[in-house]
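This report concerns only the one structure given below.
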Amino acid sequence: MAHVALARPEQGGPRFCVLGPVCALVGENTLVPGGPGLRGLLAMLLLEPNQVVSVEHVMDVLWDHEPPATARTIVQGYVSRLRRWLSTVDPMRETRIQTTGPGYRLVVDEARIDVALARELLGQSRDRPASERAELLGRAQALWRGPELSGIGGRVRAPELAELRLTVIEARIDADLELGRHDDVIGELAALVDTHPFREHLVGQLVLALYRCGRRAAALEIYQRFAHRASRELGLDPGPGLRELHSRILRDDTTLLEPRPTPVITPRVGVLTPAQLPAAPPGFTGRDAELGWLDGIRDTADGTAPAIAVLVGSAGVGKSALAVVWGTRSAAEFPDGRLYASLRGFDPRHEPIEPAEVLARFLLALGVAAEHIPDDLAERTALYHSLLAERRVLVLLDDARDSDQVRPLLPGAPGSMVLVTSRRKLDGLVTHGAALRVLGTLPPEEAEAVIEHAAGPPADHERALRTRLARLCDHLPLALRIAGARLVVSPQWSLRELVGELADERTRLGALRVHDVDTGVRAALDLTVGGLDPALAATLRLLGAVPGPTFGPYLVATMAETSPDTARERLRGLAALFLVTESEPDVYGMHDLVRLYARELGADDRLPSVLRHYLVAADLCRRQLRAAADDIDYADTEPDVPRPRVRGREDALAWFEREWPNLVAAAEAGAKAGLHTQVWQLARMASEYRRVRSRRDDWEHVLRLGLDAAKAAGDRRGEVLMRLSRCVLLTRFDQEHETVADAERAVAIATELRDSKLMAMGFNTVASALYGQRRYNEALAGYRKALELSGRAGYRLGEANLLNNIAQVHRNLGAPAEAVTPQAQAVAIFREVGDLGFVGLALANLAELEHELNLPEAAEVHAKEAISLAEDNGLDLTEAFAREVFARVLRDRGEIAAARVELTLALELYRLVQSPLADGVQAGLAALPTDV
């Protein structure tokens, strides 16, 4: 392979992965394309980047040399879907699929493929010094995120990837052994030899590492075990290299020993070897990645300055425990001592400890007599630097307030390492070469292991409860240890009872407390919040009133009655203290326990402002989805509410997609609080989004909330609109017959209100119900009545919709020629009002009529335009219908393969939106000829 320039993270763009689950990485997001077949095709293209992969090869691999008759068509469908997926992964279109001759070529920068990076790092490591080789090969090994090509059902096989992994590991261990890290690699080698018992290089590495650690008998036993097994199972003797190593160990060849070089220490009278680390906490579980990261910081120091590692994270996440455990395990790496100081950065009962005081304690620990410790901070620092100049010491600084508190405590010369923990991001230490790691909560399995260490393993029937207990503890180490302790020290409490207590949000924080020492989650958060700036504390209190899982500066600005810039600054301040987390730009969340704590601070009266924000933003976005926002003009009545930036349809859809869980939560909270008018208005606006991206379950739930709220508010106009919205939902899922009661009630109320526009909407819905019952003449009369009312009200969007419906009635009455004129009029009016979503649907209807009238050229033009509009605007249902119509045109023209592709894509889209029309398309696919 040609040289590949390594893609650095700062270059942006996607990373494509085959060394683990087949996927793409964009930032911190993992994007997976479709099902196993689609991922299998992507894997084949990634394994041969910029090369043509033949269709026949794809078919043979995906179906194990027994492809079905429709395999080629399915592959074409896969390619089409993969192209759409790539356009979302790489919007710059630098990565794309070309159709070339007999197959397909993935045009891609190979530096974005993890296997290419691994090979490049392996190549770069050759002929480098051992420390550089170890670093490069460690980076290569880290590219494996699990078994190669996983998640594709074993369809694609590439044994060379497993061989590459072993080659990288063997080369890295060679470098580690050269650096004298023999005791560090024994456990890893033992596991590798168990998995690959006949790989002689690994066996030789294990034998050598054991011998260098003084375990001569164990080294010889490993050799003998390999020799006997190779002879018994393979009929082979060990190779010459392994035999030579065995012979040298038998002779006690001391040239095999390579002790680690230790720095020369100038003897000084009175110098001690401090060992100040606290006892490591029992039951420490997990954090393997973080422990490895700290090992890497220690081992890759550049020799010009002390290594500095900073562990930051929220209260109770286990920063101090991790630091102490790592320091204890690494004691042998720091032969000149381990210094420790709690800096009390977030203790409201005590001021943060001054650097001068810490230095005095360190100097005493290093053997300086009290009377010889200078009074001046600068002189203490100079003496401290002098004592550590030629020594290898670990300095652990726990619970730092800020960078200024840490800087005077940094050693001045290389050799030592500083490990800092804090609840605040200490960005100021980066200028001193510090590496920073943010600690999150534990993965579920490790979280349950923390409880298990304290309380023992659960009974089989209690495993699900133990999993729920860990989840209620938010997988936070402090909370997990407390929960485990409660199960042990309070035997009268059953696991089920403890889960029940924690499940009640009103008592959860109180339950996560150790009373005799006043330790708990609430106390830990008190330490963080106690020293907050008043503006940040007020913002945290406001966030307790946010019902949804995420929030941003525009919502907070509305709640705090300030500007979005100020709100953004405050959110970033809270994020710096890990009280909130920023998952993507301007999107923040909170851990569950922090959310409960913020809620206890009290800001329930801010829920109305939460709803005001969502009403204004939803109104602005739904106007981008429908050209005529026809019933509620909420945003115009709230000029003081900060507006999110919505520049077009895509921005609006993205906002709704991101905020949908928050909208649902806000509607639920508003209904519970009795804010009925805001709830039904929010439900009506949110319904505009679900008309575009239809999902029945949550849409129906929101509409039910809205209808109940309108009735509770006594708002008759609101009741009409909510009933009509529910009719839209039922019609969307081909259940028009269920809309009759809602539609007739809507008409009755609208008539009493003498509202022509609402009456038109109601009559339209009633007529649609009749249409669904195939009572076409009655439906036609209803549509015409609604058309008259729409004209009287100047309701152009309604007129277009009704003309579209009238055309469909004529078609079903067997008069497609009479349907063309109203259908074309509907298209024209939809274009006039700028509603591109309905333009696409009306065009698809027009194409269907033209196909039935044997006008294939016109039908193809309009169907393709409908597909294009639907794709551009994310209208899955319209796209499915338009592709179904286009497939009919292709079928009649004899282009069966192309028709099958269109129907396959239509079927997937119908299934995506949970439409019952999928069954008809499935039948249409089955009816296509198979011998073409």
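The chains in the structure tokens are called A, B, ... from first to last as shown; in each chain the residues are counted from 1, and the ligands are counted from 1 in the order shown.
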
Using DSSP on the backbone coordinates, identify all residues within stretch 327-472 of chain A classified as strand (DSSP E or B); present the result as a PyMOL selection string. chain A and resi 338-342+394-400+417-422+435-439

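Those residues that approach A:Arg888 to within 9 Å, counting only C-alpha atoms, are Glu848, His851, Arg883, Arg893, Ala899 and Leu903 of chain A; same-chain residues fewer than 5 positions away are not listed.
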
Would you kindly return, as number ranges by chain, each protein, DNA or RNA residue with an atom no farther than 8 Å from any atom of stretch 777-793 of chain A, considering only C-alpha atoms and excluding same-chain residues fewer than 5 positions away?
A: 756-757, 759-764, 766-771, 798-799, 802-803, 805-806, 809

Item to complete: Would you please extract all alpha helix (DSSP H) residues from stretch 139-320 of chain A, as assigned by DSSP on the backbone, and give them as a ChimeraX atom specification?
Response: /A:139-142,159-178,182-195,200-212,216-229,240-250,288-299,319-320

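Candidate residues A:Ala162, A:Ala341, A:Ala171, A:Ala918 were compared for distance to A:Arg133, and the nearest is A:Ala171, using only C-alpha atoms.
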
Surrounding residues of A:Ala217 excluding itself and chain neighbours under 4 positions, 12 Å, only C-alpha atoms, as an MDAnalysis selection string:
chainID A and resid 207:208 210:213 221:224 246 249:250 252

From the list A:Ala673, A:Ala557, A:Ile896, A:Leu625, the nearest residue to A:Asp640 using only C-alpha atoms is A:Ala557

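Each of A:Thr73, A:Asn801, A:Gln205, A:Ser403 was compared to A:Arg831 using only C-alpha atoms, and A:Asn801 turns out to be the nearest.
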
Output as JSON lines one row per residue of stretch 545-655 of chain A within 12 Å of stretch 456-472 of chain A: the closest atom pair and its distance in Å to one decimal place, counting only C-alpha atoms, sorted by chain and residue number ascending.
{"residue": "A:His591", "atom": "CA", "partner": "A:Leu472", "partner_atom": "CA", "distance": 10.9}
{"residue": "A:Asp592", "atom": "CA", "partner": "A:Leu472", "partner_atom": "CA", "distance": 8.3}
{"residue": "A:Leu593", "atom": "CA", "partner": "A:Leu472", "partner_atom": "CA", "distance": 8.6}
{"residue": "A:Leu596", "atom": "CA", "partner": "A:Leu472", "partner_atom": "CA", "distance": 11.6}
